[in-house]
>>> print(open('entry-v7.cif').read())   # mmCIF, N, CA and C atoms
data_model
loop_
_atom_site.label_atom_id
_atom_site.label_comp_id
_atom_site.auth_asym_id
_atom_site.auth_seq_id
_atom_site.Cartn_x
_atom_site.Cartn_y
_atom_site.Cartn_z
N MET A 1 0.83 -1.19 0.00
CA MET A 1 0.00 0.00 0.00
C MET A 1 0.87 1.24 0.00
N GLU A 2 0.41 2.23 -0.69
CA GLU A 2 1.14 3.49 -0.79
C GLU A 2 0.41 4.55 0.03
N ILE A 3 1.19 5.36 0.74
CA ILE A 3 0.61 6.41 1.57
C ILE A 3 0.12 7.55 0.68
N ASN A 4 -1.06 8.06 0.98
CA ASN A 4 -1.65 9.17 0.25
C ASN A 4 -0.75 10.40 0.39
N ARG A 5 -0.45 11.08 -0.70
CA ARG A 5 0.47 12.22 -0.69
C ARG A 5 -0.03 13.38 0.16
N GLU A 6 -1.32 13.50 0.34
CA GLU A 6 -1.87 14.59 1.15
C GLU A 6 -1.42 14.49 2.61
N HIS A 7 -1.05 13.30 3.05
CA HIS A 7 -0.71 13.08 4.45
C HIS A 7 0.78 13.11 4.75
N TYR A 8 1.62 13.27 3.71
CA TYR A 8 3.07 13.31 3.94
C TYR A 8 3.46 14.41 4.93
N SER A 9 2.95 15.60 4.72
CA SER A 9 3.35 16.72 5.58
C SER A 9 2.86 16.53 7.01
N THR A 10 1.66 16.02 7.17
CA THR A 10 1.13 15.80 8.52
C THR A 10 1.92 14.73 9.25
N LEU A 11 2.24 13.65 8.56
CA LEU A 11 3.03 12.59 9.18
C LEU A 11 4.44 13.08 9.49
N SER A 12 4.99 13.97 8.66
CA SER A 12 6.30 14.55 8.93
C SER A 12 6.26 15.44 10.16
N VAL A 13 5.19 16.21 10.31
CA VAL A 13 5.02 17.07 11.50
C VAL A 13 4.95 16.21 12.76
N ILE A 14 4.19 15.13 12.71
CA ILE A 14 4.07 14.23 13.86
C ILE A 14 5.42 13.61 14.19
N ALA A 15 6.14 13.14 13.16
CA ALA A 15 7.44 12.51 13.38
C ALA A 15 8.44 13.51 13.96
N LEU A 16 8.47 14.73 13.44
CA LEU A 16 9.40 15.75 13.95
C LEU A 16 9.05 16.14 15.38
N THR A 17 7.77 16.22 15.69
CA THR A 17 7.35 16.56 17.05
C THR A 17 7.78 15.47 18.03
N ILE A 18 7.57 14.23 17.66
CA ILE A 18 7.96 13.12 18.53
C ILE A 18 9.48 13.06 18.68
N LEU A 19 10.21 13.25 17.57
CA LEU A 19 11.67 13.26 17.63
C LEU A 19 12.17 14.37 18.54
N PHE A 20 11.59 15.57 18.41
CA PHE A 20 11.99 16.68 19.27
C PHE A 20 11.70 16.36 20.73
N GLY A 21 10.54 15.82 21.01
CA GLY A 21 10.20 15.47 22.39
C GLY A 21 11.17 14.46 22.98
N ILE A 22 11.52 13.46 22.20
CA ILE A 22 12.47 12.44 22.67
C ILE A 22 13.85 13.06 22.92
N LEU A 23 14.33 13.86 21.96
CA LEU A 23 15.65 14.47 22.12
C LEU A 23 15.67 15.45 23.29
N TYR A 24 14.58 16.18 23.48
CA TYR A 24 14.53 17.17 24.56
C TYR A 24 14.49 16.50 25.92
N TYR A 25 13.64 15.53 26.09
CA TYR A 25 13.46 14.94 27.41
C TYR A 25 14.53 13.91 27.78
N LEU A 26 15.22 13.38 26.80
CA LEU A 26 16.32 12.46 27.10
C LEU A 26 17.66 13.19 27.16
N SER A 27 17.63 14.51 27.06
CA SER A 27 18.85 15.34 27.10
C SER A 27 19.90 14.84 26.13
N ALA A 28 19.50 14.74 24.89
CA ALA A 28 20.42 14.30 23.83
C ALA A 28 21.53 15.35 23.66
N PRO A 29 22.61 14.98 23.00
CA PRO A 29 23.70 15.94 22.77
C PRO A 29 23.19 17.17 22.02
N GLN A 30 23.80 18.31 22.31
CA GLN A 30 23.38 19.56 21.69
C GLN A 30 23.47 19.51 20.17
N LEU A 31 24.41 18.76 19.66
CA LEU A 31 24.59 18.67 18.22
C LEU A 31 23.34 18.13 17.53
N LEU A 32 22.59 17.28 18.20
CA LEU A 32 21.33 16.76 17.66
C LEU A 32 20.14 17.61 18.07
N ARG A 33 20.13 18.03 19.32
CA ARG A 33 18.96 18.69 19.89
C ARG A 33 18.73 20.09 19.31
N VAL A 34 19.78 20.85 19.08
CA VAL A 34 19.63 22.24 18.63
C VAL A 34 19.02 22.34 17.23
N PRO A 35 19.54 21.63 16.21
CA PRO A 35 18.92 21.78 14.88
C PRO A 35 17.47 21.29 14.84
N VAL A 36 17.21 20.16 15.48
CA VAL A 36 15.84 19.63 15.50
C VAL A 36 14.94 20.57 16.29
N GLY A 37 15.44 21.11 17.40
CA GLY A 37 14.67 22.03 18.21
C GLY A 37 14.34 23.32 17.48
N LEU A 38 15.32 23.87 16.76
CA LEU A 38 15.07 25.09 15.99
C LEU A 38 14.04 24.86 14.88
N LEU A 39 14.18 23.75 14.18
CA LEU A 39 13.21 23.43 13.13
C LEU A 39 11.82 23.26 13.72
N PHE A 40 11.75 22.59 14.85
CA PHE A 40 10.45 22.41 15.52
C PHE A 40 9.87 23.76 15.93
N LEU A 41 10.65 24.55 16.65
CA LEU A 41 10.13 25.81 17.19
C LEU A 41 9.76 26.82 16.11
N ILE A 42 10.51 26.87 15.04
CA ILE A 42 10.27 27.87 14.01
C ILE A 42 9.13 27.46 13.06
N PHE A 43 8.91 26.18 12.88
CA PHE A 43 7.99 25.76 11.83
C PHE A 43 6.78 24.95 12.29
N VAL A 44 6.99 23.96 13.13
CA VAL A 44 5.97 22.93 13.37
C VAL A 44 4.68 23.42 14.04
N PRO A 45 4.72 24.17 15.15
CA PRO A 45 3.44 24.56 15.76
C PRO A 45 2.54 25.36 14.82
N GLY A 46 3.14 26.27 14.06
CA GLY A 46 2.35 27.05 13.11
C GLY A 46 1.81 26.20 11.98
N TYR A 47 2.63 25.29 11.47
CA TYR A 47 2.18 24.45 10.37
C TYR A 47 1.06 23.52 10.79
N SER A 48 1.14 23.01 12.01
CA SER A 48 0.08 22.10 12.45
C SER A 48 -1.27 22.82 12.55
N ILE A 49 -1.25 24.12 12.83
CA ILE A 49 -2.49 24.89 12.86
C ILE A 49 -2.89 25.30 11.44
N ILE A 50 -1.95 25.70 10.62
CA ILE A 50 -2.24 26.15 9.26
C ILE A 50 -2.81 25.02 8.41
N GLN A 51 -2.40 23.80 8.66
CA GLN A 51 -2.93 22.70 7.84
C GLN A 51 -4.43 22.50 8.06
N LEU A 52 -4.95 22.97 9.18
CA LEU A 52 -6.39 22.88 9.43
C LEU A 52 -7.16 23.80 8.50
N ILE A 53 -6.52 24.86 8.00
CA ILE A 53 -7.16 25.79 7.09
C ILE A 53 -7.23 25.20 5.68
N ASP A 54 -6.31 24.31 5.35
CA ASP A 54 -6.26 23.61 4.06
C ASP A 54 -6.01 24.58 2.90
N LEU A 55 -4.93 25.34 3.00
CA LEU A 55 -4.52 26.22 1.90
C LEU A 55 -3.92 25.39 0.79
N LYS A 56 -4.05 25.87 -0.44
CA LYS A 56 -3.50 25.14 -1.60
C LYS A 56 -2.09 25.59 -1.96
N ASP A 57 -1.75 26.84 -1.70
CA ASP A 57 -0.45 27.38 -2.10
C ASP A 57 0.61 27.04 -1.05
N THR A 58 1.68 26.38 -1.48
CA THR A 58 2.73 25.94 -0.57
C THR A 58 3.49 27.11 0.04
N VAL A 59 3.74 28.15 -0.74
CA VAL A 59 4.47 29.30 -0.23
C VAL A 59 3.67 29.99 0.88
N GLN A 60 2.38 30.12 0.69
CA GLN A 60 1.54 30.71 1.73
C GLN A 60 1.57 29.87 3.00
N LYS A 61 1.53 28.55 2.85
CA LYS A 61 1.59 27.66 4.02
C LYS A 61 2.88 27.87 4.80
N ILE A 62 4.01 27.94 4.10
CA ILE A 62 5.30 28.07 4.77
C ILE A 62 5.42 29.42 5.47
N VAL A 63 5.06 30.49 4.78
CA VAL A 63 5.18 31.83 5.37
C VAL A 63 4.25 31.97 6.57
N LEU A 64 3.01 31.54 6.42
CA LEU A 64 2.07 31.62 7.54
C LEU A 64 2.50 30.73 8.71
N SER A 65 3.10 29.59 8.40
CA SER A 65 3.57 28.70 9.45
C SER A 65 4.68 29.34 10.27
N LEU A 66 5.62 29.97 9.59
CA LEU A 66 6.71 30.64 10.30
C LEU A 66 6.17 31.77 11.18
N ALA A 67 5.31 32.59 10.61
CA ALA A 67 4.77 33.73 11.37
C ALA A 67 3.91 33.26 12.54
N LEU A 68 3.07 32.27 12.31
CA LEU A 68 2.20 31.78 13.37
C LEU A 68 2.98 31.08 14.48
N SER A 69 4.02 30.35 14.12
CA SER A 69 4.85 29.70 15.14
C SER A 69 5.49 30.72 16.06
N ILE A 70 6.09 31.74 15.48
CA ILE A 70 6.74 32.76 16.29
C ILE A 70 5.73 33.51 17.15
N ALA A 71 4.58 33.85 16.57
CA ALA A 71 3.54 34.55 17.33
C ALA A 71 2.99 33.68 18.46
N LEU A 72 2.76 32.42 18.17
CA LEU A 72 2.22 31.50 19.17
C LEU A 72 3.19 31.31 20.34
N GLU A 73 4.46 31.15 20.03
CA GLU A 73 5.46 30.98 21.09
C GLU A 73 5.60 32.25 21.93
N THR A 74 5.50 33.40 21.29
CA THR A 74 5.57 34.66 22.02
C THR A 74 4.38 34.81 22.97
N ILE A 75 3.20 34.49 22.48
CA ILE A 75 2.00 34.59 23.32
C ILE A 75 2.07 33.62 24.49
N ILE A 76 2.50 32.39 24.23
CA ILE A 76 2.60 31.40 25.31
C ILE A 76 3.62 31.85 26.35
N ALA A 77 4.79 32.31 25.90
CA ALA A 77 5.81 32.77 26.84
C ALA A 77 5.31 33.97 27.65
N TRP A 78 4.63 34.89 27.00
CA TRP A 78 4.09 36.08 27.68
C TRP A 78 3.08 35.67 28.74
N LEU A 79 2.18 34.76 28.42
CA LEU A 79 1.18 34.30 29.39
C LEU A 79 1.83 33.59 30.57
N ILE A 80 2.85 32.80 30.31
CA ILE A 80 3.51 32.07 31.39
C ILE A 80 4.31 33.01 32.28
N ILE A 81 4.95 33.99 31.68
CA ILE A 81 5.71 34.96 32.48
C ILE A 81 4.77 35.73 33.41
N TYR A 82 3.65 36.20 32.88
CA TYR A 82 2.75 37.01 33.70
C TYR A 82 1.91 36.19 34.66
N SER A 83 1.83 34.89 34.46
CA SER A 83 1.14 34.06 35.44
C SER A 83 2.10 33.56 36.52
N GLU A 84 3.38 33.94 36.38
CA GLU A 84 4.43 33.62 37.36
C GLU A 84 4.63 32.13 37.59
N ILE A 85 4.47 31.35 36.53
CA ILE A 85 4.76 29.91 36.61
C ILE A 85 5.80 29.54 35.53
N TRP A 86 6.82 30.37 35.41
CA TRP A 86 7.80 30.21 34.35
C TRP A 86 8.46 28.84 34.40
N SER A 87 8.42 28.15 33.26
CA SER A 87 9.06 26.86 33.13
C SER A 87 9.25 26.57 31.64
N ILE A 88 10.48 26.29 31.26
CA ILE A 88 10.76 25.94 29.87
C ILE A 88 10.05 24.63 29.53
N ASN A 89 10.04 23.70 30.47
CA ASN A 89 9.37 22.42 30.22
C ASN A 89 7.89 22.60 29.94
N LEU A 90 7.26 23.54 30.63
CA LEU A 90 5.84 23.81 30.41
C LEU A 90 5.61 24.35 29.00
N ILE A 91 6.46 25.25 28.56
CA ILE A 91 6.34 25.80 27.20
C ILE A 91 6.51 24.70 26.16
N VAL A 92 7.51 23.85 26.34
CA VAL A 92 7.74 22.75 25.41
C VAL A 92 6.55 21.81 25.41
N ASN A 93 6.02 21.50 26.58
CA ASN A 93 4.85 20.61 26.65
C ASN A 93 3.65 21.21 25.93
N ILE A 94 3.40 22.49 26.12
CA ILE A 94 2.27 23.14 25.46
C ILE A 94 2.44 23.10 23.95
N LEU A 95 3.64 23.38 23.44
CA LEU A 95 3.88 23.37 22.00
C LEU A 95 3.75 21.96 21.42
N ILE A 96 4.22 20.96 22.14
CA ILE A 96 4.08 19.58 21.67
C ILE A 96 2.61 19.18 21.64
N VAL A 97 1.85 19.53 22.67
CA VAL A 97 0.43 19.19 22.70
C VAL A 97 -0.33 19.90 21.58
N ILE A 98 -0.02 21.17 21.34
CA ILE A 98 -0.67 21.89 20.24
C ILE A 98 -0.34 21.24 18.90
N SER A 99 0.92 20.91 18.68
CA SER A 99 1.34 20.32 17.41
C SER A 99 0.70 18.95 17.18
N LEU A 100 0.77 18.09 18.18
CA LEU A 100 0.18 16.76 18.02
C LEU A 100 -1.34 16.82 17.98
N GLY A 101 -1.92 17.72 18.78
CA GLY A 101 -3.37 17.83 18.81
C GLY A 101 -3.94 18.31 17.48
N CYS A 102 -3.35 19.34 16.91
CA CYS A 102 -3.84 19.85 15.61
C CYS A 102 -3.60 18.83 14.50
N SER A 103 -2.49 18.11 14.56
CA SER A 103 -2.24 17.08 13.56
C SER A 103 -3.24 15.93 13.70
N ALA A 104 -3.59 15.58 14.92
CA ALA A 104 -4.58 14.53 15.14
C ALA A 104 -5.96 14.96 14.63
N VAL A 105 -6.33 16.21 14.89
CA VAL A 105 -7.61 16.72 14.38
C VAL A 105 -7.62 16.66 12.86
N TYR A 106 -6.50 17.03 12.24
CA TYR A 106 -6.41 16.99 10.78
C TYR A 106 -6.56 15.56 10.27
N LEU A 107 -5.85 14.62 10.89
CA LEU A 107 -5.88 13.23 10.41
C LEU A 107 -7.20 12.52 10.69
N PHE A 108 -7.86 12.83 11.79
CA PHE A 108 -9.06 12.09 12.15
C PHE A 108 -10.34 12.75 11.68
N PHE A 109 -10.36 14.08 11.53
CA PHE A 109 -11.61 14.75 11.21
C PHE A 109 -11.61 15.45 9.85
N ILE A 110 -10.52 16.09 9.48
CA ILE A 110 -10.51 16.83 8.22
C ILE A 110 -10.17 15.92 7.04
N LYS A 111 -9.09 15.20 7.15
CA LYS A 111 -8.72 14.20 6.14
C LYS A 111 -8.62 12.86 6.86
N PRO A 112 -9.71 12.13 6.96
CA PRO A 112 -9.74 10.93 7.80
C PRO A 112 -8.67 9.90 7.44
N LEU A 113 -8.30 9.12 8.45
CA LEU A 113 -7.26 8.11 8.27
C LEU A 113 -7.66 7.05 7.25
N GLY A 114 -8.94 6.92 6.97
CA GLY A 114 -9.37 5.98 5.95
C GLY A 114 -8.78 6.33 4.61
N SER A 115 -8.45 7.59 4.41
CA SER A 115 -7.84 8.02 3.16
C SER A 115 -6.31 8.09 3.27
N LEU A 116 -5.74 7.50 4.35
CA LEU A 116 -4.28 7.54 4.54
C LEU A 116 -3.57 6.75 3.44
N PHE A 117 -4.15 5.63 3.04
CA PHE A 117 -3.52 4.80 2.02
C PHE A 117 -4.27 4.92 0.70
N VAL A 118 -3.52 4.96 -0.38
CA VAL A 118 -4.12 5.03 -1.72
C VAL A 118 -4.65 3.66 -2.06
N GLN A 119 -5.88 3.62 -2.51
CA GLN A 119 -6.49 2.35 -2.92
C GLN A 119 -6.08 2.03 -4.35
N PRO A 120 -5.66 0.78 -4.59
CA PRO A 120 -5.24 0.42 -5.96
C PRO A 120 -6.39 0.36 -6.93
#
>>> encode(input="entry-v7.cif", output="structure tokens")
Amino acid sequence: MEINREHYSTLSVIALTILFGILYYLSAPQLLRVPVGLLFLIFVPGYSIIQLIDLKDTVQKIVLSLALSIALETIIAWLIIYSEIWSINLIVNILIVISLGCSAVYLFFIKPLGSLFVQP
């Protein structure tokens, strides 16, 4: 069976989120953790939300993903600072939950998993 092309990006987001979580919580060497962490922080949370909109233009998806990721992380950090419960782990947990949650909504409700594999 061949995986439906529409799901490549969503499955990549899920894989990158899980990889980042594993590297972050197992305290992997910085050489691995920093590039994966930067890619995750700059791109993934925004993309997982943007895919729910189902835009057709790839350039729009990428630009909006970058902007939304940065804005989302700024808002989360601002809320945590002003609630006086500052914790990097809490921010990472919130971003991982948002990324996996939006990807799950996309896979189960918008483009159901029944369409994950191409039918011959």
>>> atom_distance(input="entry-v7.cif", atom1="atom CA of A:Ser65", atom2="atom CA of A:Tyr47")
4.6 Å
>>> residues_around(input="entry-v7.cif", residues="A:Leu39", least_positions_apart="6", cutoff="10 Å", atoms="only C-alpha atoms", output="MDAnalysis selection string")
chainID A and resid 16:17 20
>>> write_last_selection(input="entry-v7.cif", atoms="N, CA and C atoms", output="PDB file, in the frame of the given file")
ATOM      1  N   LEU A  16       8.470  14.730  13.440  1.00  0.00           N
ATOM      2  CA  LEU A  16       9.400  15.750  13.950  1.00  0.00           C
ATOM      3  C   LEU A  16       9.050  16.140  15.380  1.00  0.00           C
ATOM      4  N   THR A  17       7.770  16.220  15.690  1.00  0.00           N
ATOM      5  CA  THR A  17       7.350  16.560  17.050  1.00  0.00           C
ATOM      6  C   THR A  17       7.780  15.470  18.030  1.00  0.00           C
ATOM      7  N   PHE A  20      11.590  15.570  18.410  1.00  0.00           N
ATOM      8  CA  PHE A  20      11.990  16.680  19.270  1.00  0.00           C
ATOM      9  C   PHE A  20      11.700  16.360  20.730  1.00  0.00           C
TER      10      PHE A  20
END
>>> atom_distance(input="entry-v7.cif", atom1="atom CA of A:Ile91", atom2="atom C of A:Gln60")
25.0 Å
>>> atom_distance(input="entry-v7.cif", atom1="atom C of A:Ile53", atom2="atom N of A:Gly101")
16.0 Å
>>> select_by_dssp(input="entry-v7.cif", residues="chain A", states="strand (DSSP E)", output="list of chain:residue names")
A:Glu2, A:Ile3, A:Phe117, A:Val118
>>> closest_residue(input="entry-v7.cif", among="A:Thr58, A:Ser83, A:Ser69, A:Gln51", to="A:Tyr106", atoms="only N, CA and C atoms")
A:Gln51
>>> decode(input="entry-v7.cif", residues="stretch 46-61 of chain A", atoms="N, CA and C atoms", output="short mmCIF file (atom, residue, chain, number, x, y, z; two decimals), in the first residue's frame")
data_model
loop_
_atom_site.label_atom_id
_atom_site.label_comp_id
_atom_site.auth_asym_id
_atom_site.auth_seq_id
_atom_site.Cartn_x
_atom_site.Cartn_y
_atom_site.Cartn_z
N GLY A 46 3.14 26.27 14.06
CA GLY A 46 2.35 27.05 13.11
C GLY A 46 1.81 26.20 11.98
N TYR A 47 2.63 25.29 11.47
CA TYR A 47 2.18 24.45 10.37
C TYR A 47 1.06 23.52 10.79
N SER A 48 1.14 23.01 12.01
CA SER A 48 0.08 22.10 12.45
C SER A 48 -1.27 22.82 12.55
N ILE A 49 -1.25 24.12 12.83
CA ILE A 49 -2.49 24.89 12.86
C ILE A 49 -2.89 25.30 11.44
N ILE A 50 -1.95 25.70 10.62
CA ILE A 50 -2.24 26.15 9.26
C ILE A 50 -2.81 25.02 8.41
N GLN A 51 -2.40 23.80 8.66
CA GLN A 51 -2.93 22.70 7.84
C GLN A 51 -4.43 22.50 8.06
N LEU A 52 -4.95 22.97 9.18
CA LEU A 52 -6.39 22.88 9.43
C LEU A 52 -7.16 23.80 8.50
N ILE A 53 -6.52 24.86 8.00
CA ILE A 53 -7.16 25.79 7.09
C ILE A 53 -7.23 25.20 5.68
N ASP A 54 -6.31 24.31 5.35
CA ASP A 54 -6.26 23.61 4.06
C ASP A 54 -6.01 24.58 2.90
N LEU A 55 -4.93 25.34 3.00
CA LEU A 55 -4.52 26.22 1.90
C LEU A 55 -3.92 25.39 0.79
N LYS A 56 -4.05 25.87 -0.44
CA LYS A 56 -3.50 25.14 -1.60
C LYS A 56 -2.09 25.59 -1.96
N ASP A 57 -1.75 26.84 -1.70
CA ASP A 57 -0.45 27.38 -2.10
C ASP A 57 0.61 27.04 -1.05
N THR A 58 1.68 26.38 -1.48
CA THR A 58 2.73 25.94 -0.57
C THR A 58 3.49 27.11 0.04
N VAL A 59 3.74 28.15 -0.74
CA VAL A 59 4.47 29.30 -0.23
C VAL A 59 3.67 29.99 0.88
N GLN A 60 2.38 30.12 0.69
CA GLN A 60 1.54 30.71 1.73
C GLN A 60 1.57 29.87 3.00
N LYS A 61 1.53 28.55 2.85
CA LYS A 61 1.59 27.66 4.02
C LYS A 61 2.88 27.87 4.80
#
